[in-house]
Each structure stands twice: as C-alpha cells, then as structure tokens.
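*Asks:* Below is a structure I'd like to ask you about.
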Amino acid sequence: MACRCCPPGAVRPCQGISQFVLKVHSRCDLSCDHCYVYQHADQTWRDRPVRMSADTVRATAKRIAEHARVHDLPVVHMVLHGGEPLLLGAAGLREVLVELRTTITPWARLDLRMQTNGVLLDEELCRLLVEYDVRVGVSFDGDRTANDRHRVFAHGGSSHDQVRQALALLRHPDHHPSYAGILCTIDIRNDPDRVYEALLAERPPRVDLLLPHATWDRPPARPDTAGTPYADWLGRIYRRWVDEGRPLSIRLFEALEPGGGGTEAFGLAPADVLVVEADGSWEQVDSLKTAYHGAADTGFDVFGHSVDEARQHPGVAARQDGVDGLCATCRSCPVVDRCGGGLYAHRWRTGSGFDNPSVYCADLLRLIDTMDTYPPVELPTRQPAELADPLATELLDDLATGYGSAHTLDLLAATQLSATRALLAGWRERSGPTAAWELLVDLDEKAPEALRAVLAHPFVRPWLVHRLTPSARSGAGPASDPLPALALAAALRAGAPATLDVPVRSGVITVPTLGSLVLPVDVDGTVEVTVLPGAVRVRGDHVAQTVVLDTGEPEAGGWRATHRVPVPGGQLLLEDGDPYRDCYGQPVAPRLERSAARAVSRTLAEAWRVVERDVPVHAAALAGGLRALVPLAPDQKRPLRSATARDAFGAIALTPVADPETVAVLLVHEWQHVKLGAALDLYDLVDPEPGHRIRVPWRPDPRPPEGVLQGVYAHLAVTRVWQARAAAGRPAHGDAVAYAARFLTWTREGADALLAGRSLTAAGERFVGRMRQALEETAAGPG
C-alpha cells in the first residue's frame with residue numbers, strides 16, 4: 001500500500017512499521033535465569049524507569065497513530081511487555097489501554113496483545129483485558145520440572161501453580177476471548193513428551209516454542225554426544241504433533257513448513273517491529289539484548305523522533321533486504337526461504353557482527369529435514385485444529401454456511417454494541433462528568449431499550465471514533481462532545497423529560513436515529529434543548545422556538561425526520577442526514593429531495609423482496625441486523641458502487657440505482673462484509689504476520705489474506721443469488737448461468753488459495769474449510 005510520505009511514482013515506496021512492543025513496566029516479579037532482559041549481555045534496564053509514565057504512553061500512542069495515518073496502515077499490532085506488564089495493576093493498565101485505544105483506533109485497527117508470566121493475573125484483570133480486547137500470551141515452559149528449571153521467584157520458589165491458575169482463568173468462557181496462547185522456551189534437559197502433554201493440557205489456541213537465546217560468543221548448551229540436540233528434541237514433538245492430527249497450532253512448525261510465511265525468527269520478510277522502552281526510547285527487536293550491551297539501542301525516542309526516523313536506523317534498515325542481507329553461507333542454502341537465516345540475534349559473533357549463520361544453523365537444517373521426510377497424517381487435505389472455545393466454534397461454523405442464524409446475528413450485534421459502549425466510556429474518561437453523561441446513566445437504568453436503540457445506530461461508533469482522534473480533541477468548542485446528542489435522542493425515544501445543553505453546527509442539531517433539528521439561524525455553539533411530550537423547546541442567544549416532532553411529515557417546522565423505508569419485518573433507515581455517515585472512503589449523497597427519497601425507498605423495498613424471492617435465508621440475515629442504508633453520491637465514471645465501513649455495523653452504502661434486481665445483489669454482497677467484519681473483531685481468522693499477498697481471479701493485484709477472505713465470503717452469497725436466478729430461468733436473467741459459474745469459480749479458487757497459503761489461524765482454516773464444503777454442497781444449484 002502506498003504511503004503519504006513518499007513522492008508520487010516513487011520506485012520503492014517506504015514500508016510502514018506495523019508491529020510495536022511497549023515496555024510498560026521494566027521490572028519483573030520472577031527471576032528467570034534465561035531471561036534476555038536481565039540475565040544476558042545488555043544491562044540497560046538498570047537505567048530505565050520502573051514503569052512507563054502517562055506522558056510516555058501518550059507520546060508513544062501519538063507517534064504510532066501518526067505513522068498509521070501517514071502509511072495508511074490497516075492494522076497496528078502492539079504487544080504490552082516488560083519486565084512484567086501486570087505489575088502496573090488494574091488501574092495503571094486501564095490508563096494505558098484507554099490511551100492506546102482512543103488515540104490509535106481512529107487511524108487503524110489496533111490488535112492489542114500482552115505477554116505475561118501470569119503470576120498476578122486475577123478475575124479483575126481478566127475482565128479488564130476482555131473489555132479492551134487484549135489477547136494474552138502466557139510464558140509457561142511445561143510440566144513442573146520443566147517450568148521450574150528457569151521460571152522461579154527470586155527466593156527460588158516455584159511459579160508453576162500460579163501460572164496454571166492464570167491459564168485456567170483464561171480458559172473460562174467469560175475470559176477466553178483474551179486467551180492468545182503460550183510461549184514456551186525449550187530446554188533440551190526437559191522431557192519433550194511431558195512438556196508437550198503439559199502444554200496440550202492447558203488447551204491454548206497457539207503455542208510458541210522458542211529456542212533459548214544464544215550467540216556464537218555465548219553458544220547454547222550442547223551435550224558432547226549429540227550433534228543437533230535441539231532439532232532432535234523438537235523433532236520428537238513434531239512427530240507426535242503430526243501423529244495426533246495437529247491438535248493445536250504450534251507456530252514454529254507452521255512457520256518452517258513450505259510456504260509457512262515465517263515469523264520474526266524465521267523467513268525472509270523485512271523486519272517490521274520496533275520496541276518502546278519504559279523511558280520512551282525507540283529500540284530494535286528485543287532479542288538483540290542477548291548479543292551485547294546496547295545492541296538494541298537506536299539513539300531515538302518518542303518525544304523527539306517519529307517512527308519513520310527510528311525505522312531508518314541502520315540496524316533496522318539492515319533487516320529490510322531479505323536474502324541479500326544474509327551471509328554467504330545462508331544465501332547459498334537450499335532452505336534459506338524457510339529458516340531465513342534464523343533469529344537475527346542468534347547470528348552475532350564478535351568481529352563479524354551479524355554476518356553469520358544462526359548459532360542453531362545445524363539444528364534448523366536437521367529439523368526442516370525431519371519435517372520434510374516424516375509421513376503426514378493420512379488426510380485428504382490439511383485439517384484445521386478444533387477451536388477451544390465452543391461458543392466461537394458454534395458462531396463461526398454458523399457464519400461459514402454463508403448465512404448466519406438470528407442467534408448468531410444477535411451475538412454479533414451485542415458485541416458491536418459492547419465496543420460502542422467501550423468507546424463511550426473512553427470519551428467519558430476524557431471529558432469528565434457532565435449532565436449528558438448522568439442522563440445516559442439514568443436512562444440506561446430506567447429505559448435501557450431506548451438507549452440501546454441509540455447506541456446501536458451504525459454511525460454512533462464512527463462518531464465516537466472521530467471525536468477520540470487527536471486532531472478532533474485538539475479543536476476547541478462544544479461540538480467536540482457527542483454525549484448531549486446521544487442523550488437527547490435516548491430521552492426522546494424514552495419520552496423522558498430532560499433539559500440539556502446540546503452542540504449545534506451550522507444551525508443543525510443531529511439527533512441520532514431520529515433526524516435533525518434545523519434552527520432558523522445558521523449558528524455554531526450550544527443551545528438549551530428541553531424534551532417535551534412530542535416536541536422539543538430550543539433556547540439560545542439567537543433562537544427560541546418549540547418544534548413539534550410527531551407531525552407525520554418528514555420535514556415540518558424545523559424538524560427533518562430521518563427517512564424510513566418499510567421492509568419485511570420492520571423499517572430501514574435511509575440515512576442521508578447523519579454527518580458521521582461519511583465513513584466509507586467515498587463521497588456520500590447530500591440530503592435527498594422528498595421525491596428522490598421516495599424513489600430510493602421504493603427501489604430498496606422491491607430489492608428486499610427480490611432477495612426474499614431468490615435467497616430467503618439471506619433475506620432473514622438482512623432482517624437480523626441491517627438497520628440503515630446510506631446513498632452514495634452519483635459518479636458518472638463509476639455509476640454502480642457499494643461499500644461498508646468496519647466501524648459502522650448495521651449499515652451499507654450504495655449508489656441509488658433504479659434496478660431492484662441489481663440492488664438486491666449489492667445488499668447481499670455488502671451484508672456479507674458487515675457480518676464477517678464483526679466476526680473478525682472477535683476472532684483472529686487470519687494470521688497477523690504482515691506482508692503476505694495472495695493472487696485471486698477477481699482482482700489484478702495480489703491481495704492481503706483478510707481481503708481475500710472478505711472477497712470469498714461475499715462471493716459465496718452472490719454465487720447463491722445467481723444460482724437461484726439460473727434455476728428459475730427468468731427471461732430477465734439471461735446471463736444468470738454464466739454469472740453463477742463465474743462466481744462459483746471465483747469463490748472456489750479464492751478459498752483454495754487461502755487454504756494453501758498458510759496465512760490462516762486454526763480457526764480461520766476451519767472457517768474457510770467449512771465455507772468450501774458449503775460451496776460444494778450447493779455447486780449444482782441453490783440451497
């Protein structure tokens with residue numbers, strides 16, 4: 001993706017950094033003797049502050065948000081690290097999470113992770129991590145003997161029981177969305193079978209098996225009788241893992257398989273990670289601390305230097321050249337595309353620097369040979385691991401049919417509402433107590449359905465996201481507060497008397513879900529609005545009027561009601577007035593004239609009936625969650641356009657066209673994107689490793705895996721529409737057979753490319769595999 005900092009036509013546009021590690025607490029409550037932070041060559045931790053200050057967190061978040069905006073990053077991956085991040089406590093951790101979410105989320109999806117030893121994890125912290133959608137990896141080395149060989153307290157006491165209690169908390173259904181997996185540092189003195197069984201017993205979504213950090217100056221322990229003891233130890237687990245049908249994801253093995261995509265430790269992808277130390281220093285990858293004192297240092301910090309400046313440090317730049325940046329031995333190796341020379345820090349030798357093979361080179365060669373020669377499980381295709389969470393399995397399996405039951409759509413809507421409430425709480429923490437907030441709290445207790453209807457409006461979340469951006473926060477004036485308009489809308493819906501100071505922009509007060517109050521004067525500022533039975537009274541410096549709302553007319557006496565389209569089972573908002581409907585990356589239409597609104601409404605109602613005719617199950621899915629449609633501005637060059645926005649659950653946008661048959665296809669297509677986007681907010685279906693691209697038949701350019709997944713899911717539904725039309729044999733659908741064949745091919749090839757590309761998580765593999773089955777079950781016609 002092109003960034004905004006390179007000149008047009010640049011031969012090699014710069015690549016943004018999308019992965020960041022934040023050392024939010026630089027001390028630890030364990031004393032692990034294999035820790036690279038405290039026990040290896042680099043000792044800079046001694047001069048760092050104990051915890052990252054609020055100013056440092058704020059400066060870091062602003063730098064990363066700026067970088068995401070400049071480089072148009074779709075997602076930012078961030079790991080809270082240490083030391084031990086849980087030493088911040090619940091209150092300190094919440095402050096960090098609020099700052100990161102509110103500052104970065106407006107510019108990119110924030111994939112928040114945490115790496116912890118788990119000792120301090122309790123139910124309060126688990127609830128906090130779930131609330132802010134933080135995925136947690138726990139450091140755990142296996143059975144008691146293996147874990148307590150290194151991971152002990154300073155007094156030498158065992159941490160095994162405390163860590164297992166933490167893992168049990170994460171397995172609980174209420175906390176399981178935050179369970180990311182286990183990080184296990186291997187020791188060849190431990191029994192590999194017992195380690196494997198201990199890891200498997202904790203039912204982690206993924207396990208990272210790590211080679212202990214070592215260099216040519218400080219090589220790993222090797223018994224004299226064994227040439228490749230690390231490959232032998234890992235090979236034992238690999239063979240058992242394969243024999244048992246790959247019951248969980250083991251990242252090391254998946255990364256080293258052909259086409260596995262690699263990780264920081266393996267593969268040829270450019271370095272894409274920066275570390276922020278507790279004092280705000282930008283550093284290179286943390287593992288460099290095992291090489292020599294100050295090895296990770298860049299000389300830059302978040303207060304005086306941007307991400308791009310840190311990215312251009314020679315140490316980071318040296319890792320952008322793929323195979324050309326490796327030593328001659330690695331460049332001539334037949335498996336260099338898989339091991340990638342091994343972890344950068346493991347190549348260090350005094351005198352030659354990092355221009356060496358990995359100190360584990362022989363073990364990596366042997367392990368890859370073991371993986372290539374060991375017979376795989378006799379399955380016709382690669383089988384995804386079962387999801388540990390039965391609720392996730394049920395939801396994703398239901399969506400993989402291409403439809404989604406009413407129960408599933410209710411769950412998606414509930415989780416989206418929770419995200420909006422979290423943003424609302426974030427704004428409350430920014431703005432402090434207000435009368436509008438107190439009214440919202442009161443209505444949440446006395447009229448919860450009214451408030452829920454307002455907060456579930458598709459454009460409340462984009463409104464909050466916009467208001468929480470740094471640029472919007474810096475602007476003065478009452479229009480920066482979204483709470484009064486939300487409280488006004490909820491009070492009107494509940495019929496609750498209230499008086500509020502409400503922001504007005506250009507003489508208009510937006511009332512989400514209901515319409516707009518158009519004042520007789522074009523003013524900015526605030527006015528006092530009082531809710532009356534069926535009306536509102538507005539008073540300000542330049543206005544004093546009472547506006548009746550229930551006239552039955554869409555525009556009367558200063559009230560501009562939102563257009564409503566009657567569709568089977570309810571009403572659809574034709575949203576052409578909410579200012580935050582403009583979230584689709586393309587121009588939206590202005591307020592429609594009454595005749596135009598009626599014409600669009602007729603087309604939409606008829607299109608809905610067409611969906612019911614062709615694919616009634618998809619019509620039920622639409623009825624289960626689609627709340628609003630946004631007309632896009634006409635464009636002669638692209639007369640037929642449609643779109644969704646990740647933050648605007650429950651709405652789609654399209655150009656007003658007169659043909660209901662065409663609109664029906666667009667409705668089905670875009671609603672697929674909305675459903676899958678909500679599922680992706682809950683579960684990782686695509687491996688977060690960046691840089692991988694997949695070629696698909698419907699686009700000329702290779703696409704990122706998530707984009708391919710979205711395309712396949714949308715095309716699965718469109719295939720069924722055209723299959724139904726082909727089967728009906730209507731004269732108006734003379735090309736239906738050809739269209740059905742085309743979309744069937746596109747969907748099949750896209751799904752197969754995803755399954756072959758090794759870019760999916762275990763849950764993603766299961767999801768795509770079941771989509772593929774659903775496709776074949778209906779390949780001969782509509783279901």
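By convention in this document, the chains of the structure tokens carry letters A, B, ... by their order, each chain's residues are numbered from 1, and ligands are numbered from 1 in the order they are shown.
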Give me the residues near Thr510 of chain A as a PyMOL selection string, where near means some atom within 10 Å (using only C-alpha atoms) and where sequence neighbours in that chain fewer than 2 positions away do not count.
*Replies:* chain A and resi 482+485-486+488-489+502-505+508+512-518+560+577-580
*Asks:* Residues of the last selection are to be written out with C-alpha atoms, as a PDB file, in the first residue's frame.
*Replies:*
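The file below, part-v7.pdb, is the result:
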```pdb
ATOM      1  CA  PRO A 482     -21.045  13.716  21.294  1.00  0.00           C
ATOM      2  CA  ALA A 485     -26.937  14.495  21.194  1.00  0.00           C
ATOM      3  CA  LEU A 486     -26.927  10.832  22.219  1.00  0.00           C
ATOM      4  CA  LEU A 488     -31.215  13.826  23.661  1.00  0.00           C
ATOM      5  CA  ALA A 489     -32.023  11.004  21.206  1.00  0.00           C
ATOM      6  CA  VAL A 502     -26.631  20.473  23.064  1.00  0.00           C
ATOM      7  CA  PRO A 503     -23.993  21.327  20.424  1.00  0.00           C
ATOM      8  CA  VAL A 504     -25.226  22.921  17.199  1.00  0.00           C
ATOM      9  CA  ARG A 505     -23.217  23.061  13.971  1.00  0.00           C
ATOM     10  CA  VAL A 508     -28.281  21.954  12.786  1.00  0.00           C
ATOM     11  CA  PRO A 512     -29.076  10.040  16.006  1.00  0.00           C
ATOM     12  CA  THR A 513     -31.698   7.539  14.732  1.00  0.00           C
ATOM     13  CA  LEU A 514     -34.411  10.190  14.601  1.00  0.00           C
ATOM     14  CA  GLY A 515     -33.402  13.142  12.425  1.00  0.00           C
ATOM     15  CA  SER A 516     -32.133  16.713  12.708  1.00  0.00           C
ATOM     16  CA  LEU A 517     -33.329  19.945  14.281  1.00  0.00           C
ATOM     17  CA  VAL A 518     -32.810  22.753  11.765  1.00  0.00           C
ATOM     18  CA  ARG A 560     -36.135  16.990   9.490  1.00  0.00           C
ATOM     19  CA  GLY A 577     -28.530  13.391   7.277  1.00  0.00           C
ATOM     20  CA  ASP A 578     -26.207  11.993   9.938  1.00  0.00           C
ATOM     21  CA  PRO A 579     -22.828  13.742   9.430  1.00  0.00           C
ATOM     22  CA  TYR A 580     -20.939  10.631  10.545  1.00  0.00           C
TER      23      TYR A 580
END
```
*Asks:* Please provide as a PyMOL selection string all residues within 9 Å of segment 646-654 of chain A, with the sequence filter that same-chain residues fewer than 6 positions apart are discarded (counting only C-alpha atoms).
*Replies:* chain A and resi 413+416+456-462+465+581+583-584+588+625-633+640+663+666-667+670-671+673-675+677-678
*Asks:* Which polymer residues have any atom within 10 Å of an atom of Glu84 of chain A, counting only C-alpha atoms, with same-chain residues fewer than 3 positions away left out, as a PyMOL selection string?
*Replies:* chain A and resi 23-30+51+80-81+87-88+114-120
*Asks:* Between A:Leu248, A:Leu549, A:Val285, A:Cys184, which is the closest to Thr761 of chain A once you count only C-alpha atoms?
*Replies:* A:Leu248
*Asks:* Please report, as a ChimeraX atom specification, each residue of segment 348-568 of chain A to which DSSP assigns alpha helix (DSSP H) when run on this structure's backbone.
*Replies:* /A:361-373,390-400,406-431,435-446,448-455,460-467,470-474,483-494
*Asks:* Store the residues picked out above, limited to C-alpha atoms, as a CSV table (one decimal), in the first residue's frame.
*Replies:*
```
chain,number,residue,atom,x,y,z
A,361,CYS,CA,22.1,-23.5,11.9
A,362,ALA,CA,22.7,-27.3,12.0
A,363,ASP,CA,19.7,-27.8,14.2
A,364,LEU,CA,17.4,-25.8,11.9
A,365,LEU,CA,18.6,-27.8,8.8
A,366,ARG,CA,18.0,-31.1,10.7
A,367,LEU,CA,14.6,-30.0,11.9
A,368,ILE,CA,13.5,-29.0,8.4
A,369,ASP,CA,14.7,-32.3,7.0
A,370,THR,CA,12.7,-34.1,9.7
A,371,MET,CA,9.6,-32.2,8.8
A,372,ASP,CA,10.0,-32.8,5.1
A,373,THR,CA,10.6,-36.6,5.4
A,390,PRO,CA,-17.3,-23.9,21.9
A,391,LEU,CA,-19.1,-20.6,21.6
A,392,ALA,CA,-16.6,-19.4,19.0
A,393,THR,CA,-16.9,-22.8,17.1
A,394,GLU,CA,-20.7,-22.5,17.1
A,395,LEU,CA,-20.8,-18.9,15.9
A,396,LEU,CA,-18.1,-19.3,13.2
A,397,ASP,CA,-19.5,-22.6,11.9
A,398,ASP,CA,-22.9,-20.9,11.5
A,399,LEU,CA,-21.4,-18.0,9.6
A,400,ALA,CA,-19.4,-20.3,7.4
A,406,ALA,CA,-30.8,-15.0,14.1
A,407,HIS,CA,-29.0,-16.1,17.2
A,408,THR,CA,-25.6,-15.5,15.6
A,409,LEU,CA,-26.5,-12.1,14.3
A,410,ASP,CA,-27.8,-11.1,17.7
A,411,LEU,CA,-24.4,-12.1,19.2
A,412,LEU,CA,-22.6,-10.1,16.6
A,413,ALA,CA,-24.8,-7.1,17.3
A,414,ALA,CA,-24.3,-7.4,21.0
A,415,THR,CA,-20.5,-7.5,20.7
A,416,GLN,CA,-20.6,-4.4,18.4
A,417,LEU,CA,-22.7,-2.6,20.9
A,418,SER,CA,-20.2,-3.5,23.6
A,419,ALA,CA,-17.5,-1.9,21.5
A,420,THR,CA,-19.5,1.2,21.2
A,421,ARG,CA,-20.1,1.3,24.9
A,422,ALA,CA,-16.3,0.9,25.5
A,423,LEU,CA,-15.7,4.0,23.2
A,424,LEU,CA,-18.4,5.8,25.1
A,425,ALA,CA,-16.6,5.0,28.4
A,426,GLY,CA,-13.3,6.2,26.8
A,427,TRP,CA,-14.9,9.5,25.9
A,428,ARG,CA,-16.3,9.8,29.4
A,429,GLU,CA,-12.8,9.3,30.9
A,430,ARG,CA,-11.6,12.0,28.6
A,431,SER,CA,-14.3,14.6,29.2
A,435,ALA,CA,-25.1,16.4,32.7
A,436,ALA,CA,-25.4,14.4,29.5
A,437,TRP,CA,-23.5,11.5,30.9
A,438,GLU,CA,-25.6,11.5,34.0
A,439,LEU,CA,-28.7,11.4,31.9
A,440,LEU,CA,-27.3,8.5,29.8
A,441,VAL,CA,-26.6,6.6,33.0
A,442,ASP,CA,-30.1,7.2,34.3
A,443,LEU,CA,-31.7,6.2,31.0
A,444,ASP,CA,-29.6,3.0,30.9
A,445,GLU,CA,-31.3,2.0,34.1
A,446,LYS,CA,-34.8,3.3,33.5
A,448,PRO,CA,-32.5,0.6,28.6
A,449,GLU,CA,-34.2,-0.3,25.3
A,450,ALA,CA,-34.3,3.4,24.3
A,451,LEU,CA,-30.6,3.9,25.0
A,452,ARG,CA,-29.7,0.6,23.3
A,453,ALA,CA,-31.5,1.7,20.1
A,454,VAL,CA,-29.5,4.9,20.0
A,455,LEU,CA,-26.1,3.3,20.8
A,460,VAL,CA,-22.6,6.4,16.7
A,461,ARG,CA,-19.4,4.4,16.8
A,462,PRO,CA,-17.8,6.3,13.8
A,463,TRP,CA,-18.9,9.5,15.6
A,464,LEU,CA,-17.1,8.4,18.8
A,465,VAL,CA,-14.0,7.2,16.9
A,466,HIS,CA,-13.8,10.5,15.1
A,467,ARG,CA,-14.2,12.5,18.3
A,470,PRO,CA,-6.1,13.6,18.5
A,471,SER,CA,-7.0,16.2,15.8
A,472,ALA,CA,-10.6,16.3,16.9
A,473,ARG,CA,-9.7,16.5,20.6
A,474,SER,CA,-7.4,19.5,19.9
A,483,LEU,CA,-22.8,12.8,24.6
A,484,PRO,CA,-25.6,15.5,24.6
A,485,ALA,CA,-26.9,14.5,21.2
A,486,LEU,CA,-26.9,10.8,22.2
A,487,ALA,CA,-28.7,11.6,25.5
A,488,LEU,CA,-31.2,13.8,23.7
A,489,ALA,CA,-32.0,11.0,21.2
A,490,ALA,CA,-32.4,8.5,24.0
A,491,ALA,CA,-34.6,10.8,26.1
A,492,LEU,CA,-36.8,11.5,23.0
A,493,ARG,CA,-37.2,7.7,22.4
A,494,ALA,CA,-38.0,7.1,26.1
```
*Asks:* Excluding Ala278 of chain A and residues on its chain fewer than 3 positions from it, collect all residues at most 12 Å away from it, counting only C-alpha atoms, and give them as number ranges by chain.
*Replies:* A: 21-27, 44-57, 59-60, 80-85, 275, 281-283, 301-302
*Asks:* Can you pull out every residue within 6 Å of segment 344-358 of chain A, counting only C-alpha atoms, but drop anything in the same chain fewer than 5 positions away, and send it as a short mmCIF file (atom, residue, chain, number, x, y, z; two decimals) with N, CA and C atoms, in the first residue's frame?
*Replies:*
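selection_19.cif, freshly written:
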```
data_model
loop_
_atom_site.label_atom_id
_atom_site.label_comp_id
_atom_site.auth_asym_id
_atom_site.auth_seq_id
_atom_site.Cartn_x
_atom_site.Cartn_y
_atom_site.Cartn_z
N ALA A 214 20.90 -17.39 22.34
CA ALA A 214 22.33 -17.70 22.37
C ALA A 214 22.99 -17.02 21.17
N THR A 215 24.31 -16.89 21.21
CA THR A 215 25.10 -16.33 20.11
C THR A 215 26.34 -17.19 19.92
N TRP A 216 27.13 -16.86 18.89
CA TRP A 216 28.39 -17.58 18.69
C TRP A 216 29.36 -17.28 19.83
N ASP A 217 29.24 -16.10 20.45
CA ASP A 217 30.08 -15.80 21.61
C ASP A 217 29.62 -16.54 22.86
N LEU A 288 17.83 -8.65 20.56
CA LEU A 288 19.21 -8.19 20.39
C LEU A 288 19.92 -7.99 21.72
N CYS A 327 24.35 -13.69 5.25
CA CYS A 327 25.74 -14.04 4.95
C CYS A 327 25.80 -15.00 3.75
#
```
*Asks:* In Å, with one decimal, what is the gap from atom CA of Leu183 of chain A to atom CA of Gly707 of chain A?
*Replies:*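 Distance reported for this atom pair: 29.0 Å.
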*Asks:* Which residue, A:Val615, A:Ile186, A:Ala597, A:Val336, has the smallest gap to Ala221 of chain A when you use only C-alpha atoms?
*Replies:*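 When distances to Ala221 of chain A are compared using only C-alpha atoms, the smallest one comes from A:Ile186.
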*Asks:* My list of candidates is A:Gly235, A:His715, A:Pro219, A:Gln162. Which is closest to Val359 of chain A when distances are computed with only C-alpha atoms?
*Replies:* A:Pro219
*Asks:* Please identify all polymer residues within 12 Å of His733 of chain A, counting only C-alpha atoms, omitting same-chain residues fewer than 4 positions from it, and present them as a list in words.
*Replies:*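 Near His733 of chain A, the qualifying residues are Asp614, Glu661, Thr662, Val721, Trp722, Gln723, Ala724, Arg725, Ala726, Ala727, Ala728, Gly729, Val737, Ala738, Tyr739 and Ala740 of chain A.
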